[in-house]
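Next up, entry.cif (mmCIF, C-alpha atoms):
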```cif
data_query
loop_
_atom_site.label_atom_id
_atom_site.label_comp_id
_atom_site.auth_asym_id
_atom_site.auth_seq_id
_atom_site.Cartn_x
_atom_site.Cartn_y
_atom_site.Cartn_z
CA MET A 1 -10.63 20.24 15.58
CA PHE A 2 -10.21 21.73 19.05
CA LEU A 3 -12.89 19.50 20.49
CA VAL A 4 -10.77 16.34 20.34
CA PRO A 5 -11.21 14.39 23.60
CA ASP A 6 -8.26 14.43 25.95
CA ILE A 7 -7.78 10.66 25.75
CA VAL A 8 -7.34 10.85 21.95
CA VAL A 9 -4.78 13.63 22.28
CA ARG A 10 -2.83 11.63 24.82
CA PHE A 11 -2.96 8.54 22.60
CA PHE A 12 -1.38 10.46 19.71
CA HIS A 13 1.24 12.01 21.97
CA ARG A 14 2.26 8.57 23.18
CA MET A 15 2.24 7.14 19.66
CA ALA A 16 4.55 9.90 18.46
CA SER A 17 7.16 8.62 20.91
CA PRO A 18 9.32 6.06 19.06
CA PRO A 19 9.69 3.43 21.83
CA HIS A 20 5.95 3.49 22.48
CA PHE A 21 5.18 3.17 18.80
CA TYR A 22 7.61 0.27 18.53
CA ALA A 23 6.06 -1.65 21.43
CA PHE A 24 2.47 -0.82 20.49
CA THR A 25 2.79 -1.93 16.85
CA GLN A 26 4.35 -5.19 17.99
CA ARG A 27 1.27 -5.97 20.07
CA LEU A 28 -1.07 -4.88 17.27
CA MET A 29 0.54 -7.04 14.57
CA PRO A 30 -1.12 -10.45 15.28
CA TRP A 31 -4.58 -8.83 15.38
CA LEU A 32 -4.05 -6.99 12.12
CA GLY A 33 -2.64 -10.15 10.56
CA THR A 34 -5.78 -12.08 11.52
CA VAL A 35 -8.06 -9.37 10.14
CA PHE A 36 -6.06 -9.30 6.91
CA VAL A 37 -6.20 -13.09 6.39
CA LEU A 38 -9.96 -13.27 7.08
CA LEU A 39 -10.79 -10.34 4.78
CA THR A 40 -8.59 -11.71 2.00
CA LEU A 41 -10.02 -15.24 2.19
CA ALA A 42 -13.59 -13.91 2.19
CA GLY A 43 -12.87 -11.49 -0.64
CA LEU A 44 -11.13 -14.08 -2.84
CA TYR A 45 -13.81 -16.69 -2.19
CA GLY A 46 -16.52 -14.21 -3.10
CA GLY A 47 -14.68 -12.80 -6.09
CA LEU A 48 -13.15 -15.87 -7.67
CA TYR A 49 -15.78 -18.47 -6.79
CA LEU A 50 -19.18 -17.08 -5.77
CA ALA A 51 -19.49 -14.10 -8.10
CA PRO A 52 -20.79 -14.93 -11.59
CA ALA A 53 -18.77 -14.30 -14.75
CA ASP A 54 -19.31 -10.94 -16.42
CA TYR A 55 -21.85 -11.02 -19.25
CA GLN A 56 -19.47 -9.22 -21.61
CA GLN A 57 -15.97 -9.95 -20.30
CA GLY A 58 -16.42 -13.52 -19.05
CA ASP A 59 -14.00 -14.54 -16.32
CA SER A 60 -11.30 -12.06 -17.32
CA TYR A 61 -13.09 -9.38 -15.31
CA ARG A 62 -12.04 -11.17 -12.09
CA ILE A 63 -8.79 -9.20 -12.29
CA ILE A 64 -10.94 -6.34 -10.98
CA TYR A 65 -10.71 -7.74 -7.42
CA ILE A 66 -7.04 -6.80 -7.25
CA HIS A 67 -6.77 -4.16 -9.95
CA VAL A 68 -9.30 -1.68 -8.56
CA PRO A 69 -8.38 -2.04 -4.84
CA ALA A 70 -4.69 -1.70 -5.77
CA ALA A 71 -5.42 1.45 -7.79
CA TRP A 72 -7.42 2.89 -4.86
CA MET A 73 -4.52 2.10 -2.53
CA SER A 74 -2.02 3.76 -4.86
CA LEU A 75 -3.94 7.04 -4.46
CA PHE A 76 -4.77 6.57 -0.78
CA ILE A 77 -1.17 5.83 0.22
CA TYR A 78 0.08 8.83 -1.75
CA ILE A 79 -2.28 11.10 0.19
CA VAL A 80 -1.15 9.54 3.48
CA MET A 81 2.49 9.98 2.46
CA ALA A 82 2.04 13.65 1.47
CA THR A 83 0.01 14.40 4.62
CA ALA A 84 2.54 12.72 6.90
CA GLY A 85 5.30 14.55 5.04
CA ALA A 86 3.54 17.88 5.61
CA ILE A 87 3.08 17.11 9.32
CA GLY A 88 6.76 16.26 9.59
CA LEU A 89 7.69 19.43 7.75
CA ILE A 90 5.54 21.71 9.91
CA TRP A 91 5.76 20.16 13.37
CA ARG A 92 9.04 18.22 13.03
CA ILE A 93 7.45 15.03 14.31
CA LYS A 94 9.93 12.25 13.66
CA LEU A 95 7.28 9.56 13.48
CA ALA A 96 5.43 11.46 10.75
CA GLU A 97 8.63 11.60 8.69
CA VAL A 98 9.10 7.87 9.21
CA VAL A 99 5.50 7.10 8.17
CA ALA A 100 5.93 9.24 5.04
CA ILE A 101 9.08 7.53 3.80
CA SER A 102 7.89 4.05 4.86
CA SER A 103 4.73 4.51 2.79
CA ALA A 104 6.62 5.14 -0.44
CA PRO A 105 7.71 1.57 -1.31
CA ILE A 106 4.26 0.18 -0.39
CA GLY A 107 2.56 2.82 -2.52
CA ALA A 108 4.95 2.10 -5.38
CA SER A 109 4.11 -1.61 -5.03
CA PHE A 110 0.37 -1.00 -5.28
CA THR A 111 0.85 1.37 -8.22
CA PHE A 112 2.91 -1.30 -9.96
CA ILE A 113 0.22 -3.91 -9.22
CA ALA A 114 -2.49 -1.61 -10.61
CA LEU A 115 -0.50 -1.00 -13.81
CA PHE A 116 0.57 -4.62 -14.23
CA THR A 117 -2.85 -6.19 -13.66
CA GLY A 118 -4.40 -3.46 -15.80
CA SER A 119 -2.07 -4.45 -18.60
CA LEU A 120 -3.01 -8.12 -18.21
CA TRP A 121 -6.67 -7.13 -18.28
CA GLY A 122 -6.23 -4.77 -21.22
CA LYS A 123 -4.65 -7.36 -23.49
CA PRO A 124 -7.68 -9.69 -23.78
CA MET A 125 -10.30 -6.90 -23.54
CA TRP A 126 -8.79 -3.96 -25.43
CA GLY A 127 -6.39 -5.98 -27.55
CA THR A 128 -3.33 -4.11 -26.27
CA TRP A 129 -1.04 -4.28 -23.24
CA TRP A 130 -0.67 -0.52 -23.05
CA VAL A 131 -2.05 2.72 -24.51
CA TRP A 132 -1.07 6.29 -23.69
CA ASP A 133 -4.53 6.85 -22.28
CA ALA A 134 -4.99 9.65 -19.71
CA ARG A 135 -5.71 7.28 -16.82
CA LEU A 136 -2.84 4.94 -17.61
CA THR A 137 -0.35 7.74 -18.19
CA SER A 138 -1.21 9.63 -14.99
CA GLU A 139 -0.97 6.37 -13.01
CA LEU A 140 2.47 5.75 -14.55
CA ILE A 141 3.51 9.25 -13.45
CA LEU A 142 2.37 8.30 -9.94
CA LEU A 143 4.75 5.34 -10.01
CA PHE A 144 7.60 7.68 -11.03
CA LEU A 145 6.68 10.06 -8.18
CA TYR A 146 6.92 7.20 -5.69
CA LEU A 147 10.24 6.08 -7.17
CA GLY A 148 11.44 9.70 -7.08
CA VAL A 149 10.61 9.91 -3.38
CA ILE A 150 12.47 6.67 -2.64
CA GLY A 151 15.48 7.72 -4.72
CA LEU A 152 15.68 11.21 -3.26
CA TYR A 153 15.51 9.90 0.30
CA GLY A 154 18.27 7.40 -0.40
CA ALA A 155 20.48 10.02 -2.07
CA ILE A 156 20.66 12.36 0.94
CA ASP A 157 22.70 11.10 3.87
CA ASP A 158 21.30 13.41 6.54
CA LYS A 159 17.87 11.86 7.05
CA LYS A 160 16.43 15.05 8.56
CA ILE A 161 17.18 16.96 5.36
CA ALA A 162 16.16 13.95 3.27
CA SER A 163 12.75 13.90 4.98
CA LYS A 164 12.19 17.58 4.21
CA ALA A 165 13.16 17.17 0.56
CA VAL A 166 10.95 14.12 0.20
CA ALA A 167 7.98 15.87 1.85
CA ILE A 168 8.23 18.79 -0.58
CA LEU A 169 8.47 16.46 -3.58
CA ALA A 170 5.46 14.46 -2.32
CA LEU A 171 3.42 17.65 -1.77
CA VAL A 172 4.17 18.96 -5.24
CA GLY A 173 3.12 15.60 -6.67
CA VAL A 174 -0.30 15.79 -4.99
CA VAL A 175 -1.47 17.71 -8.07
CA ASN A 176 -1.41 14.38 -9.90
CA ILE A 177 -4.00 12.77 -7.59
CA PRO A 178 -7.13 14.62 -8.83
CA ILE A 179 -5.78 14.28 -12.38
CA ILE A 180 -5.75 10.48 -12.01
CA HIS A 181 -9.17 10.43 -10.38
CA TYR A 182 -10.93 12.64 -12.92
CA SER A 183 -8.90 11.58 -15.97
CA VAL A 184 -11.64 9.21 -17.13
CA GLU A 185 -14.16 12.06 -17.02
CA TRP A 186 -12.01 14.89 -18.40
CA TRP A 187 -10.60 12.89 -21.29
CA ASN A 188 -12.77 10.36 -23.02
CA THR A 189 -10.24 7.64 -23.79
CA LEU A 190 -9.96 3.88 -23.60
CA HIS A 191 -10.10 3.35 -19.84
CA GLN A 192 -13.68 2.96 -18.62
CA GLY A 193 -15.33 5.46 -16.31
CA PRO A 194 -16.07 4.87 -12.63
CA THR A 195 -18.52 2.10 -11.73
CA VAL A 196 -18.27 1.94 -7.96
CA THR A 197 -17.71 5.50 -6.73
CA LYS A 198 -20.96 6.69 -8.28
CA MET A 199 -22.50 6.39 -4.84
CA ASP A 200 -26.06 7.14 -5.90
CA LYS A 201 -26.20 4.27 -8.35
CA PRO A 202 -23.16 1.98 -8.58
CA SER A 203 -23.35 0.14 -11.91
CA ILE A 204 -22.02 -3.12 -10.49
CA HIS A 205 -24.07 -6.02 -9.13
CA VAL A 206 -24.00 -6.57 -5.38
CA SER A 207 -22.53 -10.09 -5.75
CA MET A 208 -19.52 -8.47 -7.40
CA LEU A 209 -19.48 -5.33 -5.26
CA ILE A 210 -19.19 -7.09 -1.89
CA PRO A 211 -16.01 -9.07 -2.72
CA LEU A 212 -14.56 -5.92 -4.29
CA LEU A 213 -15.12 -3.96 -1.08
CA LEU A 214 -13.75 -6.87 0.99
CA MET A 215 -10.58 -6.85 -1.11
CA ALA A 216 -10.35 -3.07 -0.69
CA LEU A 217 -10.47 -3.53 3.10
CA SER A 218 -8.00 -6.41 2.87
CA PHE A 219 -5.51 -4.16 1.04
CA LYS A 220 -6.09 -1.40 3.61
CA SER A 221 -5.23 -3.76 6.46
CA TYR A 222 -2.24 -5.03 4.47
CA TYR A 223 -1.02 -1.46 4.09
CA LEU A 224 -1.21 -0.96 7.87
CA ILE A 225 0.82 -4.14 8.46
CA ALA A 226 3.45 -3.33 5.83
CA LEU A 227 3.63 0.29 6.97
CA MET A 228 4.24 -0.73 10.59
CA GLN A 229 6.90 -3.23 9.55
CA ARG A 230 8.76 -0.67 7.48
CA SER A 231 8.31 2.13 10.03
CA ARG A 232 9.70 -0.01 12.83
CA ILE A 233 12.95 -0.77 11.01
CA GLU A 234 13.25 2.85 9.85
CA LEU A 235 12.83 4.02 13.46
CA LEU A 236 15.51 1.60 14.66
CA LYS A 237 17.96 2.91 12.06
CA ARG A 238 17.25 6.55 12.82
CA GLU A 239 17.33 6.10 16.59
CA ARG A 240 20.31 3.78 16.68
CA ASN A 241 22.13 6.02 19.17
CA SER A 242 19.23 6.46 21.57
CA GLN A 243 18.94 4.53 24.80
CA TRP A 244 15.88 2.44 23.96
CA VAL A 245 17.46 1.06 20.76
CA LYS A 246 20.77 0.38 22.54
CA THR A 247 18.91 -1.56 25.21
CA MET A 248 17.12 -3.54 22.54
CA ILE A 249 20.40 -4.38 20.79
CA LEU A 250 21.85 -5.58 24.09
CA GLU A 251 18.82 -7.78 24.65
CA ALA A 252 19.10 -9.22 21.15
CA ASP A 253 22.62 -10.30 22.09
CA LYS A 254 21.41 -12.61 24.84
CA MET G 1 -18.24 -25.94 -10.87
CA SER G 2 -15.40 -28.39 -11.30
CA LEU G 3 -11.92 -27.58 -10.09
CA GLU G 4 -10.67 -27.73 -13.67
CA ALA G 5 -13.23 -25.18 -14.85
CA PHE G 6 -12.28 -22.96 -11.93
CA PHE G 7 -8.61 -22.94 -12.88
CA ALA G 8 -9.41 -22.48 -16.57
CA MET G 9 -11.15 -19.16 -15.80
CA GLY G 10 -13.21 -19.39 -18.97
CA GLY G 11 -10.09 -19.37 -21.12
CA TYR G 12 -8.52 -16.37 -19.36
CA ALA G 13 -6.42 -18.46 -16.96
CA PHE G 14 -3.12 -16.89 -18.05
CA TYR G 15 -4.29 -13.30 -17.52
CA VAL G 16 -6.17 -13.90 -14.28
CA TRP G 17 -3.64 -16.15 -12.54
CA THR G 18 -0.62 -14.12 -13.61
CA SER G 19 -2.30 -11.04 -12.11
CA TYR G 20 -2.97 -12.81 -8.83
CA GLY G 21 0.45 -14.49 -8.76
CA VAL G 22 2.45 -11.33 -9.35
CA THR G 23 0.33 -9.44 -6.80
CA LEU G 24 1.04 -12.14 -4.22
CA CYS G 25 4.80 -11.94 -4.91
CA VAL G 26 4.89 -8.14 -4.60
CA LEU G 27 2.86 -8.15 -1.37
CA LEU G 28 5.01 -10.93 0.13
CA ALA G 29 8.20 -9.04 -0.75
CA ASN G 30 6.98 -6.01 1.21
CA ILE G 31 6.60 -8.18 4.31
CA ILE G 32 9.86 -10.12 3.94
CA ILE G 33 12.15 -7.15 3.19
CA PRO G 34 11.63 -5.42 6.59
CA ILE G 35 12.18 -8.74 8.41
CA VAL G 36 15.51 -9.23 6.60
CA GLN G 37 16.45 -5.59 7.28
CA ARG G 38 15.70 -5.97 10.99
CA LYS G 39 17.92 -9.04 11.27
CA GLN G 40 20.68 -7.18 9.40
CA PHE G 41 20.31 -4.17 11.68
CA PHE G 42 20.77 -6.17 14.86
CA ARG G 43 23.65 -8.18 13.41
CA GLN G 44 25.52 -5.05 12.27
CA SER G 45 24.85 -3.17 15.50
CA LEU G 46 26.27 -6.03 17.54
CA LYS G 47 29.33 -6.23 15.34
CA ARG G 48 29.96 -2.49 15.76
CA LYS G 49 29.64 -2.78 19.52
CA ARG G 50 32.33 -5.46 19.79
#
```
Take the structure in this file and express it as structure tokens.
Amino acid sequence: MFLVPDIVVRFFHRMASPPHFYAFTQRLMPWLGTVFVLLTLAGLYGGLYLAPADYQQGDSYRIIYIHVPAAWMSLFIYIVMATAGAIGLIWRIKLAEVVAISSAPIGASFTFIALFTGSLWGKPMWGTWWVWDARLTSELILLFLYLGVIGLYGAIDDKKIASKAVAILALVGVVNIPIIHYSVEWWNTLHQGPTVTKMDKPSIHVSMLIPLLLMALSFKSYYLIALMQRSRIELLKRERNSQWVKTMILEADK
Amino acid sequence: MSLEAFFAMGGYAFYVWTSYGVTLCVLLANIIIPIVQRKQFFRQSLKRKR
């Protein structure tokens, strides 16, 4: 941890400065957008067209290409949000607070997508839209945690205090993350066990695995784009009285 | 594979395409909302200044 090269340290110091972050993300956006479009097109082509139908589930299994990546993102974004919240809490870095609160709506969106597509997949395969299965229930709690974070942040006017409150709530909620992950192993219920994360022997054919991983990367790049978009507007609002935002407002007037 | 067969999704068209459609809407909303908010921010800031 103390062997980080100087150039990396300087990069993070610069990024933590709001005007630098604002300018840097603007330049990064077209590149990320291109990466996202290419990954998505490749993933959808592979998943919806090239990959064969499942021998048991037919074509209904193709929901997997959004369901599983969205579920992964719902956990990943929560960890990012809680980590950024903790960094903001400990070191009072404004950008970390902004990243934490900007992640919440995106994480809530992916959690909703995972639940919604899971429901649409469950109906033809399980015969029901919803069961109070351990995996489904813990994922629903995750959605409520995200909504709680968004609501709490909105309810407190002083955004410095709001960020602290939100970070604590997010950190307490971290306990839910391993519960979601291991729920299919701890409780033997309707939701199937892991097929991909068994790294020694994934029980999914490579023609289905590759598009799935492409979609996972596509959603990761999407998260970066959406996070930057939301962080930028959140920074503008928080820094509305600082010189760099005032200058920008004046320039927008021209 | 014919285009028709592709859209039929082996009889699961409703479930598959609703999943993809709703996902697209949710992801689009997350891009559009910040753009609208940014426009609002600049408009309101200018109004306050005058």
Once you count only C-alpha atoms, which residues end up no further than 12 Å from (22.3, 9.0, 10.0) in the file's frame, shown as a PyMOL selection string? chain A and resi 153-154+156-163+234-241
Using only C-alpha atoms, pick whichever of A:Ser60, A:Thr195, A:Ser102, A:Thr111 has the shortest atom-to-atom distance to chain G.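 Distance minimum relative to chain G lands on A:Ser60.
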Please, what distance in Å, to one decimal, runs between atom CA of Ala114 of chain A and atom CA of Ala71 of chain A?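 Going from atom CA of Ala114 of chain A over to atom CA of Ala71 of chain A covers 5.1 Å.
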Could you list, as a PyMOL selection string, every residue within 10 Å of segment 4-8 of chain G, counting only C-alpha atoms and ignoring same-chain residues fewer than 2 positions away? (chain A and resi 48-49+59) or (chain G and resi 1-2+10-14+16-17)
Translate the PyMOL selection byres ((chain G) within 9 of (chain A)), as applied to the file shown, into an explicit residue set as a ChimeraX atom specification. /G:1,6,9-20,22-23,26-27,30-31,33-35,37-38,41-43,45-46
Preceding selection exported with C-alpha atoms as an mmCIF file, keeping the file's coordinate frame:
```
data_model
loop_
_atom_site.group_PDB
_atom_site.id
_atom_site.type_symbol
_atom_site.label_atom_id
_atom_site.label_comp_id
_atom_site.auth_asym_id
_atom_site.auth_seq_id
_atom_site.Cartn_x
_atom_site.Cartn_y
_atom_site.Cartn_z
ATOM 1 C CA MET G 1 -18.240 -25.940 -10.870
ATOM 2 C CA PHE G 6 -12.280 -22.960 -11.930
ATOM 3 C CA MET G 9 -11.150 -19.160 -15.800
ATOM 4 C CA GLY G 10 -13.210 -19.390 -18.970
ATOM 5 C CA GLY G 11 -10.090 -19.370 -21.120
ATOM 6 C CA TYR G 12 -8.520 -16.370 -19.360
ATOM 7 C CA ALA G 13 -6.420 -18.460 -16.960
ATOM 8 C CA PHE G 14 -3.120 -16.890 -18.050
ATOM 9 C CA TYR G 15 -4.290 -13.300 -17.520
ATOM 10 C CA VAL G 16 -6.170 -13.900 -14.280
ATOM 11 C CA TRP G 17 -3.640 -16.150 -12.540
ATOM 12 C CA THR G 18 -0.620 -14.120 -13.610
ATOM 13 C CA SER G 19 -2.300 -11.040 -12.110
ATOM 14 C CA TYR G 20 -2.970 -12.810 -8.830
ATOM 15 C CA VAL G 22 2.450 -11.330 -9.350
ATOM 16 C CA THR G 23 0.330 -9.440 -6.800
ATOM 17 C CA VAL G 26 4.890 -8.140 -4.600
ATOM 18 C CA LEU G 27 2.860 -8.150 -1.370
ATOM 19 C CA ASN G 30 6.980 -6.010 1.210
ATOM 20 C CA ILE G 31 6.600 -8.180 4.310
ATOM 21 C CA ILE G 33 12.150 -7.150 3.190
ATOM 22 C CA PRO G 34 11.630 -5.420 6.590
ATOM 23 C CA ILE G 35 12.180 -8.740 8.410
ATOM 24 C CA GLN G 37 16.450 -5.590 7.280
ATOM 25 C CA ARG G 38 15.700 -5.970 10.990
ATOM 26 C CA PHE G 41 20.310 -4.170 11.680
ATOM 27 C CA PHE G 42 20.770 -6.170 14.860
ATOM 28 C CA ARG G 43 23.650 -8.180 13.410
ATOM 29 C CA SER G 45 24.850 -3.170 15.500
ATOM 30 C CA LEU G 46 26.270 -6.030 17.540
#
```
In file coordinates, which residues lie within 6 Å of (-6.7, 4.1, -19.9) using all atoms listed in the file, given as number ranges by chain? A: 133-136, 190-191
Per-axis box centre and lengths in Å around segment 39-47 of chain G, 3 Å margin per side, axis-aligned, as lines of an AutoDock Vina configuration file:
```
center_x = 23.6
center_y = -6.1
center_z = 13.5
size_x = 17.4
size_y = 11.9
size_z = 14.1
```
Would you mind reading off the distance between atom CA of Leu50 of chain A and atom CA of Val35 of chain A, one decimal, in Å? 20.9 Å
For the atom pair atom CA of Leu214 of chain A and atom CA of Gly43 of chain A, what is the interatomic distance in Å to one decimal place?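 According to the coordinates, atom CA of Leu214 of chain A and atom CA of Gly43 of chain A are separated by 5.0 Å.
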Taking the file as I've supplied it (selection: the PyMOL selection byres ((chain A and resi 179) around 12)), which residues are included? Please answer as a PDB file with C-alpha atoms, in the coordinates of the input.
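Output file selection-v3.pdb follows:
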```pdb
ATOM      1  CA  LEU A  75      -3.940   7.040  -4.460  1.00  0.00           C
ATOM      2  CA  ALA A 134      -4.990   9.650 -19.710  1.00  0.00           C
ATOM      3  CA  ARG A 135      -5.710   7.280 -16.820  1.00  0.00           C
ATOM      4  CA  LEU A 136      -2.840   4.940 -17.610  1.00  0.00           C
ATOM      5  CA  THR A 137      -0.350   7.740 -18.190  1.00  0.00           C
ATOM      6  CA  SER A 138      -1.210   9.630 -14.990  1.00  0.00           C
ATOM      7  CA  GLU A 139      -0.970   6.370 -13.010  1.00  0.00           C
ATOM      8  CA  ILE A 141       3.510   9.250 -13.450  1.00  0.00           C
ATOM      9  CA  LEU A 142       2.370   8.300  -9.940  1.00  0.00           C
ATOM     10  CA  GLY A 173       3.120  15.600  -6.670  1.00  0.00           C
ATOM     11  CA  VAL A 174      -0.300  15.790  -4.990  1.00  0.00           C
ATOM     12  CA  VAL A 175      -1.470  17.710  -8.070  1.00  0.00           C
ATOM     13  CA  ASN A 176      -1.410  14.380  -9.900  1.00  0.00           C
ATOM     14  CA  ILE A 177      -4.000  12.770  -7.590  1.00  0.00           C
ATOM     15  CA  PRO A 178      -7.130  14.620  -8.830  1.00  0.00           C
ATOM     16  CA  ILE A 180      -5.750  10.480 -12.010  1.00  0.00           C
ATOM     17  CA  HIS A 181      -9.170  10.430 -10.380  1.00  0.00           C
ATOM     18  CA  TYR A 182     -10.930  12.640 -12.920  1.00  0.00           C
ATOM     19  CA  SER A 183      -8.900  11.580 -15.970  1.00  0.00           C
ATOM     20  CA  VAL A 184     -11.640   9.210 -17.130  1.00  0.00           C
ATOM     21  CA  GLU A 185     -14.160  12.060 -17.020  1.00  0.00           C
ATOM     22  CA  TRP A 186     -12.010  14.890 -18.400  1.00  0.00           C
ATOM     23  CA  TRP A 187     -10.600  12.890 -21.290  1.00  0.00           C
TER      24      TRP A 187
END
```
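When all atoms listed in the file are used to compute distances to Trp126 of chain A, the closest of the residues A:Ala51, A:Phe12, A:Thr189, A:Leu217 turns out to be A:Thr189.
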